[in-house]
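Note: the block below is structure06.cif and it holds mmCIF, C-alpha atoms and all ligand atoms.
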```
data_run
loop_
_atom_site.label_atom_id
_atom_site.label_comp_id
_atom_site.auth_asym_id
_atom_site.auth_seq_id
_atom_site.Cartn_x
_atom_site.Cartn_y
_atom_site.Cartn_z
CA MET A 1 43.26 -49.91 64.97
CA LYS A 2 41.10 -50.38 61.91
CA VAL A 3 43.63 -52.78 60.40
CA GLN A 4 43.65 -54.74 63.63
CA VAL A 5 39.88 -55.24 63.44
CA VAL A 6 40.08 -56.47 59.85
CA GLU A 7 42.89 -58.85 60.75
CA ASN A 8 40.87 -60.26 63.64
CA VAL A 9 37.86 -60.85 61.41
CA LEU A 10 39.95 -62.66 58.82
CA ARG A 11 41.72 -64.73 61.47
CA ALA A 12 38.39 -65.82 62.95
CA ASN A 13 37.21 -66.73 59.43
CA ASP A 14 40.35 -68.75 58.74
CA GLU A 15 40.04 -70.64 62.02
CA LEU A 16 36.44 -71.61 61.26
CA ALA A 17 37.39 -72.53 57.68
CA ALA A 18 40.01 -74.93 59.07
CA ILE A 19 37.33 -76.58 61.21
CA ASN A 20 35.04 -76.86 58.15
CA ARG A 21 37.89 -78.39 56.12
CA ALA A 22 38.65 -80.95 58.83
CA ASP A 23 34.98 -81.97 58.91
CA PHE A 24 34.90 -82.29 55.10
CA GLU A 25 38.05 -84.42 55.19
CA ARG A 26 36.68 -86.66 57.93
CA ALA A 27 33.48 -87.21 55.92
CA GLY A 28 35.42 -87.76 52.68
CA VAL A 29 33.82 -84.85 50.83
CA PHE A 30 35.65 -83.04 48.01
CA VAL A 31 34.67 -79.36 48.14
CA VAL A 32 34.81 -76.91 45.23
CA ASP A 33 34.16 -73.18 45.69
CA LEU A 34 32.72 -71.76 42.44
CA ILE A 35 33.37 -68.05 42.02
CA GLY A 36 32.04 -65.98 39.12
CA ALA A 37 30.12 -62.82 38.27
CA PRO A 38 26.30 -62.69 38.46
CA GLY A 39 24.90 -64.35 35.34
CA SER A 40 28.18 -66.07 34.47
CA GLY A 41 26.50 -69.48 34.54
CA LYS A 42 27.59 -70.97 37.87
CA THR A 43 24.21 -72.55 38.58
CA ALA A 44 23.90 -73.85 35.01
CA LEU A 45 27.36 -75.42 35.32
CA ILE A 46 26.33 -77.19 38.54
CA GLU A 47 23.04 -78.33 36.97
CA ALA A 48 24.90 -79.77 33.97
CA THR A 49 27.39 -81.51 36.28
CA LEU A 50 24.58 -83.00 38.37
CA LYS A 51 22.88 -84.30 35.22
CA ALA A 52 26.12 -85.70 33.79
CA MET A 53 27.18 -87.49 37.00
CA PRO A 54 24.04 -89.30 38.19
CA GLY A 55 26.16 -91.89 40.00
CA VAL A 56 28.05 -89.35 42.08
CA ARG A 57 26.60 -88.12 45.35
CA ILE A 58 26.70 -84.35 44.92
CA GLY A 59 25.66 -81.65 47.39
CA VAL A 60 25.32 -77.90 46.84
CA ILE A 61 25.49 -74.87 49.08
CA ALA A 62 24.05 -71.97 47.08
CA GLY A 63 24.94 -68.44 48.14
CA ASP A 64 22.84 -65.47 47.08
CA LEU A 65 21.84 -62.16 48.63
CA ALA A 66 18.19 -63.12 48.33
CA THR A 67 15.79 -65.84 47.11
CA GLN A 68 16.10 -69.62 47.01
CA ARG A 69 15.75 -69.81 43.25
CA ASP A 70 19.12 -71.48 42.70
CA ALA A 71 18.43 -74.10 45.37
CA ASP A 72 15.04 -74.79 43.77
CA ARG A 73 16.71 -75.33 40.39
CA MET A 74 19.30 -77.75 41.74
CA ALA A 75 16.90 -79.59 44.04
CA LYS A 76 15.50 -81.19 40.87
CA PHE A 77 18.74 -83.19 40.62
CA THR A 78 19.89 -83.74 44.23
CA ASN A 79 18.36 -83.90 47.69
CA HIS A 80 21.44 -82.31 49.23
CA VAL A 81 20.93 -78.58 48.66
CA VAL A 82 21.08 -75.72 51.11
CA GLN A 83 20.47 -72.09 50.17
CA ILE A 84 22.23 -69.38 52.14
CA ASN A 85 20.95 -65.78 51.86
CA THR A 86 23.61 -63.24 52.79
CA GLY A 87 21.40 -60.12 52.79
CA LYS A 88 23.83 -57.30 51.97
CA THR A 89 27.04 -59.34 52.09
CA CYS A 90 28.81 -59.72 48.74
CA HIS A 91 30.56 -63.04 49.51
CA LEU A 92 30.24 -66.20 51.58
CA GLU A 93 32.24 -66.54 54.79
CA ALA A 94 33.25 -69.68 56.66
CA SER A 95 30.43 -69.05 59.15
CA HIS A 96 27.83 -69.17 56.36
CA VAL A 97 29.21 -72.52 55.21
CA ARG A 98 29.32 -73.78 58.80
CA GLN A 99 25.64 -72.91 59.15
CA ALA A 100 24.78 -74.62 55.86
CA MET A 101 26.74 -77.74 56.85
CA SER A 102 24.30 -78.34 59.70
CA GLY A 103 21.62 -78.88 57.05
CA LEU A 104 23.68 -81.34 55.00
CA ALA A 105 24.31 -85.05 55.56
CA LEU A 106 28.03 -84.94 54.79
CA GLY A 107 28.31 -88.73 55.03
CA ALA A 108 25.93 -89.00 52.06
CA ILE A 109 27.97 -86.68 49.80
CA ASP A 110 31.20 -87.22 47.83
CA LEU A 111 31.34 -83.86 46.08
CA LEU A 112 30.12 -80.53 47.42
CA PHE A 113 29.82 -77.41 45.28
CA ILE A 114 29.75 -74.11 47.10
CA GLU A 115 28.22 -71.63 44.68
CA ASN A 116 29.52 -68.34 45.98
CA VAL A 117 27.63 -65.04 45.73
CA GLY A 118 27.91 -63.66 42.18
CA ASN A 119 31.05 -61.51 42.42
CA LEU A 120 34.56 -61.84 41.01
CA ILE A 121 36.27 -59.86 43.76
CA CYS A 122 35.12 -60.18 47.40
CA PRO A 123 34.65 -63.99 47.60
CA VAL A 124 38.27 -64.67 46.66
CA GLY A 125 39.73 -63.53 49.99
CA PHE A 126 37.59 -65.71 52.24
CA ASP A 127 38.63 -69.27 52.98
CA LEU A 128 35.50 -71.40 53.43
CA GLY A 129 37.18 -74.74 54.07
CA GLN A 130 37.06 -75.73 50.38
CA HIS A 131 39.72 -77.87 48.71
CA CYS A 132 39.90 -75.67 45.63
CA LYS A 133 38.49 -72.58 44.02
CA VAL A 134 37.28 -72.55 40.44
CA GLY A 135 36.84 -69.26 38.58
CA VAL A 136 33.85 -69.19 36.22
CA PHE A 137 33.92 -66.81 33.24
CA ASN A 138 31.41 -66.62 30.39
CA ALA A 139 31.48 -65.73 26.73
CA CYS A 140 28.90 -62.95 27.18
CA GLY A 141 30.96 -61.37 29.98
CA GLY A 142 33.71 -60.20 27.64
CA ASP A 143 37.22 -61.51 26.92
CA ASP A 144 38.90 -58.96 29.22
CA LYS A 145 37.51 -60.24 32.51
CA ALA A 146 40.39 -62.56 33.41
CA ALA A 147 42.95 -59.78 32.93
CA LYS A 148 40.79 -57.38 34.95
CA HIS A 149 40.36 -59.86 37.82
CA PRO A 150 43.83 -61.32 38.38
CA TYR A 151 43.14 -62.27 42.02
CA ILE A 152 40.55 -64.94 41.22
CA VAL A 153 42.58 -66.25 38.28
CA ARG A 154 45.71 -66.65 40.43
CA GLU A 155 43.78 -68.32 43.27
CA SER A 156 41.91 -70.79 41.05
CA SER A 157 42.89 -74.43 40.62
CA ALA A 158 40.93 -74.46 37.36
CA ILE A 159 39.11 -71.95 35.18
CA VAL A 160 35.81 -72.60 33.40
CA LEU A 161 34.88 -70.62 30.30
CA THR A 162 31.20 -71.29 29.90
CA GLN A 163 28.51 -70.44 27.31
CA ILE A 164 30.85 -71.31 24.41
CA ASP A 165 27.75 -72.08 22.31
CA LEU A 166 27.27 -68.29 22.21
CA LEU A 167 30.77 -67.52 20.88
CA PRO A 168 29.57 -67.09 17.26
CA HIS A 169 27.17 -64.37 18.43
CA VAL A 170 29.40 -62.29 20.71
CA ASN A 171 32.63 -60.37 20.34
CA PHE A 172 34.76 -62.66 22.52
CA ARG A 173 38.32 -63.47 21.42
CA GLN A 174 38.95 -66.82 23.03
CA GLN A 175 42.70 -66.71 22.40
CA VAL A 176 43.01 -63.36 24.20
CA PHE A 177 41.19 -64.80 27.20
CA MET A 178 43.31 -67.97 27.20
CA ASP A 179 46.55 -65.97 26.93
CA ASP A 180 45.52 -63.69 29.82
CA VAL A 181 44.73 -66.68 32.04
CA LYS A 182 48.01 -68.37 31.16
CA ALA A 183 50.01 -65.23 31.92
CA LEU A 184 48.40 -64.97 35.37
CA ASN A 185 48.28 -68.64 36.27
CA GLY A 186 50.20 -71.09 34.15
CA SER A 187 49.14 -74.13 36.14
CA ALA A 188 45.32 -73.79 36.08
CA PRO A 189 43.68 -75.76 33.27
CA VAL A 190 40.96 -73.91 31.34
CA PHE A 191 37.76 -75.72 30.42
CA PRO A 192 35.77 -74.08 27.61
CA LEU A 193 32.34 -75.68 27.76
CA SER A 194 28.63 -75.27 27.25
CA PRO A 195 26.06 -76.63 29.69
CA THR A 196 23.47 -76.10 26.93
CA THR A 197 25.07 -78.31 24.25
CA GLY A 198 27.28 -80.43 26.52
CA ASP A 199 30.39 -79.50 24.53
CA GLY A 200 33.55 -79.60 26.67
CA LEU A 201 31.75 -81.00 29.70
CA GLU A 202 33.64 -84.30 29.64
CA ALA A 203 37.03 -82.64 30.31
CA TRP A 204 35.55 -80.73 33.27
CA LEU A 205 34.11 -83.93 34.77
CA LYS A 206 37.44 -85.72 34.34
CA TRP A 207 39.22 -82.85 36.08
CA LEU A 208 36.83 -83.06 39.07
CA GLU A 209 37.73 -86.73 39.39
CA SER A 210 41.47 -86.21 39.11
CA ALA A 211 41.48 -83.13 41.39
CA GLY A 212 40.10 -85.01 44.38
CA LEU A 213 36.69 -86.56 43.80
CA GLY A 214 38.06 -89.87 42.50
CA ALA A 215 40.36 -90.40 45.48
CA ARG A 216 37.55 -89.74 47.95
CA GLN A 217 35.14 -92.07 46.15
CA ALA A 218 37.80 -94.83 46.21
CA ARG A 219 38.37 -94.25 49.92
CA GLY A 220 34.61 -94.38 50.55
CA ARG A 221 34.37 -97.75 48.78
CA GLN A 222 37.14 -99.18 50.99
CA MET A 223 35.47 -98.07 54.21
MG MG B 1 23.46 -68.87 40.62
#
```

Rewrite the structure of this file - the entire thing - as structure tokens.
Amino acid sequence: MKVQVVENVLRANDELAAINRADFERAGVFVVDLIGAPGSGKTALIEATLKAMPGVRIGVIAGDLATQRDADRMAKFTNHVVQINTGKTCHLEASHVRQAMSGLALGAIDLLFIENVGNLICPVGFDLGQHCKVGVFNACGGDDKAAKHPYIVRESSAIVLTQIDLLPHVNFRQQVFMDDVKALNGSAPVFPLSPTTGDGLEAWLKWLESAGLGARQARGRQM
């Protein structure tokens, strides 16, 4: 009986996620779900991307248990920001995104980041209607985190290793991390970068374009 309830909840989530995805497709929005631990640098990555792509129309749905601090940070760079507070829920669900979508002008956005609640586990199992998931790991988090969290690594279309400017100061073996990711997911590119110095950012921006943003911008220009 218990299993049945869980299955029903997930099915309802998946159905709503499909509706979200169809709406994103119709509006020509490329949607990236960023998943990483608290403090891993998800917001800083989005801020750096917003700053580096002033010509791209970028929206953000920021998920946190409490506060609108992330939305306030990103609102300095884009008008299209919605904060979702989940209370005691450790992940975003399709219904949260649906609710946030009502506050966004999808027709005015080409790229939408969904910053999930800081957590490497629970968010992975919930389809939100995104086009891809990106796992965010950081140098201060330790080089064992990919191996310890295989689910997010396997589900990710790309992996970001952020805060590389701090590598000289922390005990993080980059090769160990890279090998662990490769063993779990041989097809996901890894982008070591630093939002602080800008190192490595270019490759990340190029990937966003090749993964789906570029095609949607081209389609938007034709319409
Ligand atoms: Mg954040």

As AutoDock Vina command-line options, please report the centre and edge lengths, rounded to one decimal in Å, of the axis-aligned box that holds all listed atoms of range 74-82 of chain A with 5 Å of padding on each of the six sides.
```
--center_x 18.5 --center_y -79.8 --center_z 45.9 --size_x 15.9 --size_y 18.2 --size_z 20.5
```

*Distance in Å - CA of Gly36 in chain A versus CA of Gly107 in chain A*: 28.0 Å

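Relative to CA of Val160 in chain A, CA of Phe191 in chain A is found at 4.7 Å.
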
*Suppose you want the space between CA of Met178 in chain A and CA of Leu92 in chain A; what is it in Å?*
27.7 Å

*Neighbours of range 118-130 of chain A within 10 Å (only C-alpha atoms; same-chain residues fewer than 6 positions away dropped), as an NGL selection string?*
:A and (10 or 13-25 or 29-42 or 63-65 or 89-98 or 112 or 136-137 or 145-146 or 148-156)

*Residue contacts of Gly200 in chain A (12 Å, all atoms listed in the file) excluding same-chain residues fewer than 2 positions away, as an MDAnalysis selection string*: chainID A and resid 45 48:49 52 160:165 190:198 202:207

Grab the residues selected above and save them as a tab-separated table (two decimals), keeping the file's coordinate frame with C-alpha atoms.
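File produced: result.tsv:
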```tsv
chain	number	residue	atom	x	y	z
A	45	LEU	CA	27.36	-75.42	35.32
A	48	ALA	CA	24.90	-79.77	33.97
A	49	THR	CA	27.39	-81.51	36.28
A	52	ALA	CA	26.12	-85.70	33.79
A	160	VAL	CA	35.81	-72.60	33.40
A	161	LEU	CA	34.88	-70.62	30.30
A	162	THR	CA	31.20	-71.29	29.90
A	163	GLN	CA	28.51	-70.44	27.31
A	164	ILE	CA	30.85	-71.31	24.41
A	165	ASP	CA	27.75	-72.08	22.31
A	190	VAL	CA	40.96	-73.91	31.34
A	191	PHE	CA	37.76	-75.72	30.42
A	192	PRO	CA	35.77	-74.08	27.61
A	193	LEU	CA	32.34	-75.68	27.76
A	194	SER	CA	28.63	-75.27	27.25
A	195	PRO	CA	26.06	-76.63	29.69
A	196	THR	CA	23.47	-76.10	26.93
A	197	THR	CA	25.07	-78.31	24.25
A	198	GLY	CA	27.28	-80.43	26.52
A	202	GLU	CA	33.64	-84.30	29.64
A	203	ALA	CA	37.03	-82.64	30.31
A	204	TRP	CA	35.55	-80.73	33.27
A	205	LEU	CA	34.11	-83.93	34.77
A	206	LYS	CA	37.44	-85.72	34.34
A	207	TRP	CA	39.22	-82.85	36.08
```

*Quick one: residues within 12 Å of Asp144 in chain A, all atoms listed in the file counted, chain neighbours fewer than 5 positions away excluded, as JSON, numbers by chain?*
{"A": [137, 138, 139, 149, 150, 171, 172, 173, 174, 175, 176, 177, 178, 179, 180, 181]}

*Which one is closest to ligand MG 1 (chain B): A:Arg69, A:Arg216, A:His169, A:His131? Count only C-alpha atoms and all ligand atoms.*
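Among the listed residues, the smallest separation from ligand MG 1 (chain B) belongs to A:Arg69.
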
*Top pick for closest residue to ligand MG 1 (chain B), considering A:Glu115, A:Asp72, A:Asp143, A:Glu47 and counting all atoms listed in the file*: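 Closest to ligand MG 1 (chain B) of all the choices is A:Glu115.
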
*Using all atoms listed in the file, which residue out of A:Gly55, A:Asp70, A:Ile46, A:Asn8 lies closest to ligand MG 1 (chain B)?*
A:Asp70

*Around the point (21.7, -78.5, 56.5) in the file's coordinates, collect all residues with an atom within 12 Å, using all atoms listed in the file, and return them as a list in words.*
Gly59, Val60, Ile61, Ala62, Asn79, His80, Val81, Val82, Gln83, Ile84, His96, Val97, Arg98, Gln99, Ala100, Met101, Ser102, Gly103, Leu104, Ala105 and Leu106 of chain A
